[in-house]
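K.L.:
You'll find work-v7.json just under this line, and it carries JSON, N, CA and C atoms.
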```json
[["chain", "number", "residue", "atom", "x", "y", "z"],
["A", 1, "MET", "N", 1.71, 46.20, -50.61],
["A", 1, "MET", "CA", 0.98, 46.34, -49.37],
["A", 1, "MET", "C", 1.57, 45.40, -48.33],
["A", 2, "ALA", "N", 1.54, 45.85, -47.12],
["A", 2, "ALA", "CA", 1.98, 45.04, -45.99],
["A", 2, "ALA", "C", 0.96, 45.23, -44.87],
["A", 3, "PHE", "N", 0.82, 44.21, -44.04],
["A", 3, "PHE", "CA", -0.17, 44.25, -42.98],
["A", 3, "PHE", "C", 0.47, 43.92, -41.65],
["A", 4, "LEU", "N", -0.03, 44.58, -40.61],
["A", 4, "LEU", "CA", 0.41, 44.34, -39.25],
["A", 4, "LEU", "C", -0.71, 43.60, -38.53],
["A", 5, "ASP", "N", -0.57, 42.29, -38.41],
["A", 5, "ASP", "CA", -1.52, 41.46, -37.68],
["A", 5, "ASP", "C", -2.97, 41.63, -38.16],
["A", 6, "SER", "N", -3.15, 41.90, -39.44],
["A", 6, "SER", "CA", -4.46, 42.13, -40.06],
["A", 6, "SER", "C", -5.19, 43.35, -39.51],
["A", 7, "ASP", "N", -4.53, 44.11, -38.65],
["A", 7, "ASP", "CA", -5.15, 45.29, -38.05],
["A", 7, "ASP", "C", -4.86, 46.56, -38.82],
["A", 8, "VAL", "N", -3.66, 46.67, -39.36],
["A", 8, "VAL", "CA", -3.21, 47.89, -40.02],
["A", 8, "VAL", "C", -2.58, 47.53, -41.35],
["A", 9, "GLY", "N", -2.85, 48.34, -42.36],
["A", 9, "GLY", "CA", -2.25, 48.13, -43.67],
["A", 9, "GLY", "C", -1.38, 49.31, -44.06],
["A", 10, "PHE", "N", -0.26, 49.00, -44.69],
["A", 10, "PHE", "CA", 0.65, 50.01, -45.21],
["A", 10, "PHE", "C", 0.68, 49.85, -46.73],
["A", 11, "VAL", "N", 0.45, 50.93, -47.44],
["A", 11, "VAL", "CA", 0.39, 50.90, -48.91],
["A", 11, "VAL", "C", 1.43, 51.87, -49.44],
["A", 12, "GLU", "N", 2.17, 51.42, -50.44],
["A", 12, "GLU", "CA", 3.10, 52.30, -51.15],
["A", 12, "GLU", "C", 2.88, 52.11, -52.63],
["A", 13, "GLY", "N", 2.91, 53.21, -53.37],
["A", 13, "GLY", "CA", 2.76, 53.14, -54.81],
["A", 13, "GLY", "C", 3.75, 54.06, -55.49],
["A", 14, "ALA", "N", 4.06, 53.74, -56.73],
["A", 14, "ALA", "CA", 4.97, 54.56, -57.52],
["A", 14, "ALA", "C", 4.55, 54.50, -58.98],
["A", 15, "THR", "N", 4.79, 55.58, -59.69],
["A", 15, "THR", "CA", 4.51, 55.62, -61.12],
["A", 15, "THR", "C", 5.84, 55.54, -61.87],
["A", 16, "PHE", "N", 5.76, 55.20, -63.15],
["A", 16, "PHE", "CA", 6.96, 55.16, -63.98],
["A", 16, "PHE", "C", 7.60, 56.54, -64.09],
["A", 17, "ALA", "N", 6.80, 57.57, -63.96],
["A", 17, "ALA", "CA", 7.30, 58.95, -64.05],
["A", 17, "ALA", "C", 7.99, 59.40, -62.77],
["A", 18, "GLY", "N", 7.99, 58.56, -61.74],
["A", 18, "GLY", "CA", 8.69, 58.90, -60.51],
["A", 18, "GLY", "C", 7.80, 59.38, -59.37],
["A", 19, "GLY", "N", 6.48, 59.46, -59.60],
["A", 19, "GLY", "CA", 5.58, 59.85, -58.52],
["A", 19, "GLY", "C", 5.47, 58.75, -57.48],
["A", 20, "ARG", "N", 5.45, 59.13, -56.23],
["A", 20, "ARG", "CA", 5.36, 58.16, -55.13],
["A", 20, "ARG", "C", 4.26, 58.58, -54.16],
["A", 21, "TRP", "N", 3.64, 57.58, -53.54],
["A", 21, "TRP", "CA", 2.64, 57.87, -52.52],
["A", 21, "TRP", "C", 2.62, 56.74, -51.51],
["A", 22, "LYS", "N", 2.15, 57.05, -50.33],
["A", 22, "LYS", "CA", 2.00, 56.03, -49.28],
["A", 22, "LYS", "C", 0.73, 56.31, -48.52],
["A", 23, "ALA", "N", 0.15, 55.26, -47.98],
["A", 23, "ALA", "CA", -1.10, 55.39, -47.23],
["A", 23, "ALA", "C", -1.10, 54.40, -46.08],
["A", 24, "LEU", "N", -1.94, 54.71, -45.13],
["A", 24, "LEU", "CA", -2.14, 53.87, -43.95],
["A", 24, "LEU", "C", -3.60, 53.45, -43.93],
["A", 25, "LEU", "N", -3.85, 52.17, -43.78],
["A", 25, "LEU", "CA", -5.22, 51.66, -43.72],
["A", 25, "LEU", "C", -5.55, 51.28, -42.29],
["A", 26, "ASN", "N", -6.76, 51.63, -41.86],
["A", 26, "ASN", "CA", -7.25, 51.38, -40.50],
["A", 26, "ASN", "C", -6.54, 52.29, -39.49],
["A", 27, "ARG", "N", -6.72, 53.57, -39.69],
["A", 27, "ARG", "CA", -6.03, 54.57, -38.88],
["A", 27, "ARG", "C", -6.32, 54.44, -37.39],
["A", 28, "ASP", "N", -7.56, 54.10, -37.03],
["A", 28, "ASP", "CA", -7.90, 53.94, -35.60],
["A", 28, "ASP", "C", -7.07, 52.83, -34.97],
["A", 29, "ALA", "N", -6.96, 51.71, -35.67],
["A", 29, "ALA", "CA", -6.16, 50.60, -35.16],
["A", 29, "ALA", "C", -4.69, 50.98, -35.10],
["A", 30, "ALA", "N", -4.24, 51.76, -36.08],
["A", 30, "ALA", "CA", -2.84, 52.20, -36.10],
["A", 30, "ALA", "C", -2.52, 53.01, -34.85],
["A", 31, "GLU", "N", -3.45, 53.85, -34.43],
["A", 31, "GLU", "CA", -3.23, 54.63, -33.21],
["A", 31, "GLU", "C", -3.10, 53.72, -32.00],
["A", 32, "ASP", "N", -3.85, 52.60, -31.98],
["A", 32, "ASP", "CA", -3.73, 51.64, -30.87],
["A", 32, "ASP", "C", -2.32, 51.05, -30.82],
["A", 33, "TYR", "N", -1.68, 50.93, -31.98],
["A", 33, "TYR", "CA", -0.30, 50.42, -32.06],
["A", 33, "TYR", "C", 0.73, 51.54, -31.90],
["A", 34, "GLU", "N", 0.24, 52.75, -31.65],
["A", 34, "GLU", "CA", 1.08, 53.93, -31.50],
["A", 34, "GLU", "C", 1.88, 54.25, -32.76],
["A", 35, "ILE", "N", 1.28, 53.95, -33.92],
["A", 35, "ILE", "CA", 1.87, 54.32, -35.20],
["A", 35, "ILE", "C", 1.54, 55.79, -35.44],
["A", 36, "PRO", "N", 2.53, 56.60, -35.76],
["A", 36, "PRO", "CA", 2.27, 58.03, -35.96],
["A", 36, "PRO", "C", 1.49, 58.28, -37.26],
["A", 37, "VAL", "N", 0.18, 58.37, -37.14],
["A", 37, "VAL", "CA", -0.68, 58.51, -38.31],
["A", 37, "VAL", "C", -0.43, 59.82, -39.06],
["A", 38, "ASP", "N", 0.15, 60.81, -38.38],
["A", 38, "ASP", "CA", 0.43, 62.08, -39.05],
["A", 38, "ASP", "C", 1.50, 61.93, -40.13],
["A", 39, "ARG", "N", 2.21, 60.83, -40.15],
["A", 39, "ARG", "CA", 3.20, 60.57, -41.20],
["A", 39, "ARG", "C", 2.54, 60.04, -42.48],
["A", 40, "PHE", "N", 1.23, 59.84, -42.42],
["A", 40, "PHE", "CA", 0.46, 59.33, -43.55],
["A", 40, "PHE", "C", -0.73, 60.26, -43.80],
["A", 41, "PRO", "N", -0.49, 61.50, -44.26],
["A", 41, "PRO", "CA", -1.59, 62.43, -44.47],
["A", 41, "PRO", "C", -2.57, 61.92, -45.54],
["A", 42, "VAL", "N", -3.84, 61.98, -45.22],
["A", 42, "VAL", "CA", -4.88, 61.47, -46.11],
["A", 42, "VAL", "C", -4.90, 62.20, -47.44],
["A", 43, "ASP", "N", -4.83, 63.54, -47.41],
["A", 43, "ASP", "CA", -4.92, 64.30, -48.66],
["A", 43, "ASP", "C", -3.76, 63.98, -49.60],
["A", 44, "ALA", "N", -2.57, 63.82, -49.05],
["A", 44, "ALA", "CA", -1.41, 63.47, -49.89],
["A", 44, "ALA", "C", -1.57, 62.06, -50.45],
["A", 45, "ALA", "N", -2.05, 61.14, -49.63],
["A", 45, "ALA", "CA", -2.28, 59.77, -50.11],
["A", 45, "ALA", "C", -3.34, 59.74, -51.19],
["A", 46, "LEU", "N", -4.41, 60.50, -50.99],
["A", 46, "LEU", "CA", -5.49, 60.55, -51.98],
["A", 46, "LEU", "C", -4.97, 61.09, -53.31],
["A", 47, "ALA", "N", -4.25, 62.20, -53.28],
["A", 47, "ALA", "CA", -3.72, 62.78, -54.51],
["A", 47, "ALA", "C", -2.77, 61.81, -55.21],
["A", 48, "GLY", "N", -1.89, 61.19, -54.44],
["A", 48, "GLY", "CA", -0.94, 60.25, -55.02],
["A", 48, "GLY", "C", -1.63, 59.03, -55.60],
["A", 49, "ALA", "N", -2.63, 58.51, -54.90],
["A", 49, "ALA", "CA", -3.35, 57.33, -55.37],
["A", 49, "ALA", "C", -4.10, 57.64, -56.65],
["A", 50, "LEU", "N", -4.72, 58.81, -56.72],
["A", 50, "LEU", "CA", -5.46, 59.18, -57.93],
["A", 50, "LEU", "C", -4.51, 59.39, -59.11],
["A", 51, "ASP", "N", -3.36, 60.00, -58.87],
["A", 51, "ASP", "CA", -2.36, 60.16, -59.93],
["A", 51, "ASP", "C", -1.85, 58.79, -60.40],
["A", 52, "TRP", "N", -1.61, 57.90, -59.45],
["A", 52, "TRP", "CA", -1.13, 56.55, -59.75],
["A", 52, "TRP", "C", -2.14, 55.82, -60.63],
["A", 53, "ALA", "N", -3.41, 55.89, -60.25],
["A", 53, "ALA", "CA", -4.45, 55.22, -61.03],
["A", 53, "ALA", "C", -4.53, 55.80, -62.44],
["A", 54, "ALA", "N", -4.51, 57.12, -62.55],
["A", 54, "ALA", "CA", -4.59, 57.77, -63.86],
["A", 54, "ALA", "C", -3.40, 57.38, -64.73],
["A", 55, "ALA", "N", -2.21, 57.32, -64.13],
["A", 55, "ALA", "CA", -1.01, 56.94, -64.89],
["A", 55, "ALA", "C", -1.10, 55.52, -65.41],
["A", 56, "GLY", "N", -1.87, 54.69, -64.71],
["A", 56, "GLY", "CA", -2.06, 53.31, -65.14],
["A", 56, "GLY", "C", -3.27, 53.11, -66.03],
["A", 57, "GLY", "N", -3.92, 54.20, -66.41],
["A", 57, "GLY", "CA", -5.09, 54.10, -67.27],
["A", 57, "GLY", "C", -6.34, 53.61, -66.56],
["A", 58, "LEU", "N", -6.36, 53.74, -65.24],
["A", 58, "LEU", "CA", -7.51, 53.30, -64.45],
["A", 58, "LEU", "C", -8.44, 54.48, -64.17],
["A", 59, "THR", "N", -9.68, 54.17, -63.91],
["A", 59, "THR", "CA", -10.66, 55.20, -63.53],
["A", 59, "THR", "C", -10.98, 55.01, -62.06],
["A", 60, "ALA", "N", -10.46, 55.91, -61.25],
["A", 60, "ALA", "CA", -10.64, 55.83, -59.80],
["A", 60, "ALA", "C", -11.86, 56.64, -59.38],
["A", 61, "ASP", "N", -12.40, 56.28, -58.23],
["A", 61, "ASP", "CA", -13.51, 57.00, -57.62],
["A", 61, "ASP", "C", -12.94, 57.75, -56.41],
["A", 62, "PRO", "N", -12.70, 59.06, -56.55],
["A", 62, "PRO", "CA", -12.04, 59.82, -55.48],
["A", 62, "PRO", "C", -12.74, 59.72, -54.12],
["A", 63, "GLU", "N", -14.06, 59.79, -54.10],
["A", 63, "GLU", "CA", -14.77, 59.70, -52.82],
["A", 63, "GLU", "C", -14.63, 58.33, -52.19],
["A", 64, "ALA", "N", -14.65, 57.29, -53.00],
["A", 64, "ALA", "CA", -14.48, 55.93, -52.48],
["A", 64, "ALA", "C", -13.06, 55.73, -51.95],
["A", 65, "VAL", "N", -12.07, 56.29, -52.65],
["A", 65, "VAL", "CA", -10.68, 56.18, -52.17],
["A", 65, "VAL", "C", -10.56, 56.89, -50.83],
["A", 66, "ARG", "N", -11.11, 58.11, -50.73],
["A", 66, "ARG", "CA", -11.05, 58.85, -49.46],
["A", 66, "ARG", "C", -11.74, 58.06, -48.34],
["A", 67, "ALA", "N", -12.88, 57.45, -48.65],
["A", 67, "ALA", "CA", -13.61, 56.68, -47.64],
["A", 67, "ALA", "C", -12.77, 55.52, -47.12],
["A", 68, "VAL", "N", -12.02, 54.88, -48.00],
["A", 68, "VAL", "CA", -11.15, 53.78, -47.57],
["A", 68, "VAL", "C", -10.01, 54.31, -46.72],
["A", 69, "LEU", "N", -9.41, 55.40, -47.16],
["A", 69, "LEU", "CA", -8.25, 55.94, -46.44],
["A", 69, "LEU", "C", -8.60, 56.47, -45.06],
["A", 70, "THR", "N", -9.86, 56.80, -44.84],
["A", 70, "THR", "CA", -10.28, 57.32, -43.53],
["A", 70, "THR", "C", -11.15, 56.32, -42.77],
["A", 71, "GLY", "N", -11.49, 55.20, -43.40],
["A", 71, "GLY", "CA", -12.40, 54.23, -42.80],
["A", 71, "GLY", "C", -11.70, 53.23, -41.90],
["A", 72, "SER", "N", -12.51, 52.36, -41.32],
["A", 72, "SER", "CA", -11.96, 51.29, -40.50],
["A", 72, "SER", "C", -12.78, 50.03, -40.72],
["A", 73, "GLU", "N", -12.11, 48.92, -40.57],
["A", 73, "GLU", "CA", -12.71, 47.58, -40.70],
["A", 73, "GLU", "C", -12.06, 46.69, -39.66],
["A", 74, "ALA", "N", -12.66, 45.55, -39.43],
["A", 74, "ALA", "CA", -12.08, 44.58, -38.50],
["A", 74, "ALA", "C", -10.74, 44.07, -39.04],
["A", 75, "PHE", "N", -10.65, 43.94, -40.37],
["A", 75, "PHE", "CA", -9.43, 43.43, -41.00],
["A", 75, "PHE", "C", -8.95, 44.44, -42.04],
["A", 76, "ALA", "N", -7.69, 44.83, -41.94],
["A", 76, "ALA", "CA", -7.12, 45.80, -42.89],
["A", 76, "ALA", "C", -7.15, 45.26, -44.32],
["A", 77, "GLU", "N", -7.10, 43.95, -44.47],
["A", 77, "GLU", "CA", -7.16, 43.37, -45.82],
["A", 77, "GLU", "C", -8.47, 43.72, -46.52],
["A", 78, "ASP", "N", -9.55, 43.86, -45.76],
["A", 78, "ASP", "CA", -10.82, 44.26, -46.35],
["A", 78, "ASP", "C", -10.73, 45.68, -46.90],
["A", 79, "LEU", "N", -10.06, 46.55, -46.18],
["A", 79, "LEU", "CA", -9.85, 47.91, -46.68],
["A", 79, "LEU", "C", -8.97, 47.90, -47.92],
["A", 80, "ALA", "N", -7.98, 47.04, -47.94],
["A", 80, "ALA", "CA", -7.09, 46.95, -49.11],
["A", 80, "ALA", "C", -7.88, 46.54, -50.34],
["A", 81, "GLU", "N", -8.77, 45.58, -50.19],
["A", 81, "GLU", "CA", -9.59, 45.15, -51.32],
["A", 81, "GLU", "C", -10.49, 46.29, -51.79],
["A", 82, "ARG", "N", -11.07, 47.00, -50.84],
["A", 82, "ARG", "CA", -11.91, 48.15, -51.20],
["A", 82, "ARG", "C", -11.09, 49.24, -51.89],
["A", 83, "LEU", "N", -9.86, 49.45, -51.43],
["A", 83, "LEU", "CA", -8.99, 50.45, -52.04],
["A", 83, "LEU", "C", -8.71, 50.10, -53.49],
["A", 84, "LEU", "N", -8.36, 48.85, -53.74],
["A", 84, "LEU", "CA", -8.08, 48.44, -55.12],
["A", 84, "LEU", "C", -9.30, 48.66, -56.00],
["A", 85, "GLY", "N", -10.47, 48.32, -55.51],
["A", 85, "GLY", "CA", -11.70, 48.55, -56.27],
["A", 85, "GLY", "C", -11.94, 50.02, -56.52],
["A", 86, "ALA", "N", -11.71, 50.86, -55.51],
["A", 86, "ALA", "CA", -11.91, 52.30, -55.65],
["A", 86, "ALA", "C", -10.91, 52.91, -56.63],
["A", 87, "LEU", "N", -9.76, 52.27, -56.77],
["A", 87, "LEU", "CA", -8.75, 52.75, -57.71],
["A", 87, "LEU", "C", -9.01, 52.25, -59.13],
["A", 88, "GLY", "N", -10.01, 51.40, -59.30],
["A", 88, "GLY", "CA", -10.37, 50.93, -60.63],
["A", 88, "GLY", "C", -9.84, 49.57, -60.99],
["A", 89, "ILE", "N", -9.33, 48.83, -60.01],
["A", 89, "ILE", "CA", -8.83, 47.49, -60.24],
["A", 89, "ILE", "C", -9.91, 46.50, -59.85],
["A", 90, "GLU", "N", -10.37, 45.72, -60.83],
["A", 90, "GLU", "CA", -11.44, 44.77, -60.57],
["A", 90, "GLU", "C", -10.94, 43.62, -59.70],
["A", 91, "SER", "N", -11.80, 43.17, -58.84],
["A", 91, "SER", "CA", -11.49, 42.06, -57.96],
["A", 91, "SER", "C", -11.81, 40.73, -58.65],
["A", 92, "ALA", "N", -11.03, 39.75, -58.36],
["A", 92, "ALA", "CA", -11.30, 38.39, -58.85],
["A", 92, "ALA", "C", -11.29, 37.46, -57.65],
["A", 93, "ALA", "N", -12.33, 36.66, -57.55],
["A", 93, "ALA", "CA", -12.41, 35.72, -56.43],
["A", 93, "ALA", "C", -11.34, 34.65, -56.61],
["A", 94, "PRO", "N", -10.73, 34.19, -55.50],
["A", 94, "PRO", "CA", -9.72, 33.14, -55.61],
["A", 94, "PRO", "C", -10.27, 31.92, -56.35],
["A", 95, "GLY", "N", -9.51, 31.42, -57.30],
["A", 95, "GLY", "CA", -9.91, 30.22, -58.03],
["A", 95, "GLY", "C", -10.90, 30.50, -59.15],
["A", 96, "GLU", "N", -11.29, 31.75, -59.33],
["A", 96, "GLU", "CA", -12.24, 32.09, -60.37],
["A", 96, "GLU", "C", -11.54, 32.03, -61.73],
["A", 97, "ASP", "N", -12.17, 31.38, -62.69],
["A", 97, "ASP", "CA", -11.58, 31.23, -64.01],
["A", 97, "ASP", "C", -12.50, 31.82, -65.04],
["A", 98, "ASP", "N", -12.00, 32.80, -65.79],
["A", 98, "ASP", "CA", -12.82, 33.45, -66.82],
["A", 98, "ASP", "C", -12.83, 32.67, -68.13],
["A", 99, "ALA", "N", -12.06, 31.61, -68.23],
["A", 99, "ALA", "CA", -11.95, 30.85, -69.49],
["A", 99, "ALA", "C", -13.20, 30.08, -69.79]]
```
Could you quickly redo this structure as structure tokens?
P.N.:
Amino acid sequence: MAFLDSDVGFVEGATFAGGRWKALLNRDAAEDYEIPVDRFPVDAALAGALDWAAAGGLTADPEAVRAVLTGSEAFAEDLAERLLGALGIESAAPGEDDA
């Protein structure tokens, strides 16, 4: 993941089998930066993200993933955290120790 001034997030994923996907987080803010959002189709990103999660043995929530891919937040990092959760990756608070 990469972020543009905390306003926009760019996500790329790949599977070992060669599947690739990309997504744009905070589409409204991206338009303010004149980023061509049509290069990041939501349906393609959703399908790729779900395939990526399944290939990794994760249980994704398709509706939650779609909500993140079409949603907006003040900070794109917040959307990134929500995306990881929707893909089935548990969040850990900084400095949290399970030991």
K.L.:
Leaving out Gly71 in chain A and any residue of its chain fewer than 2 positions from it, which residues lie within 7 Å of it when counting only N, CA and C atoms, given as a PyMOL selection string?
P.N.:
chain A and resi 25-28+66-69+73
K.L.:
What is the distance, in Å and to one decimal place, between CA of Ala60 in chain A and atom C of Leu4 in chain A?
P.N.:
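Taking CA of Ala60 in chain A and atom C of Leu4 in chain A, their separation equals 26.5 Å.
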K.L.:
In Å to one decimal, how far is CA of Ala14 in chain A from CA of Asp51 in chain A?
P.N.:
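Distance reported for this atom pair: 9.5 Å.
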K.L.:
CA of Lys22 in chain A and CA of Val8 in chain A, how far apart in Å?
P.N.:
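Between CA of Val8 in chain A and CA of Lys22 in chain A the gap is 13.4 Å.
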K.L.:
Measuring atom to atom with only N, CA and C atoms, identify which of A:Trp52, A:Ala29, A:Ala74, A:Leu79 is nearest to Phe16 in chain A.
P.N.:
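Among the listed residues, the smallest separation from Phe16 in chain A belongs to A:Trp52.
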K.L.:
Just list the residues in chain A DSSP gives helix (DSSP H, G or I) on the backbone, as a ChimeraX atom specification.
P.N.:
/A:27-32,37-39,42-55,62-70,76-86
K.L.:
Within 7 Å of (-3.7, 40.0, -41.8), only N, CA and C atoms: residues as a ChimeraX atom specification?
P.N.:
/A:3-7,75-77
K.L.:
Nearest residue to Ala44 in chain A out of A:Asp32, A:Ile89, A:Ala80, A:Arg20, using all atoms listed in the file?
P.N.:
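So, comparing all the options, the nearest one is A:Arg20.
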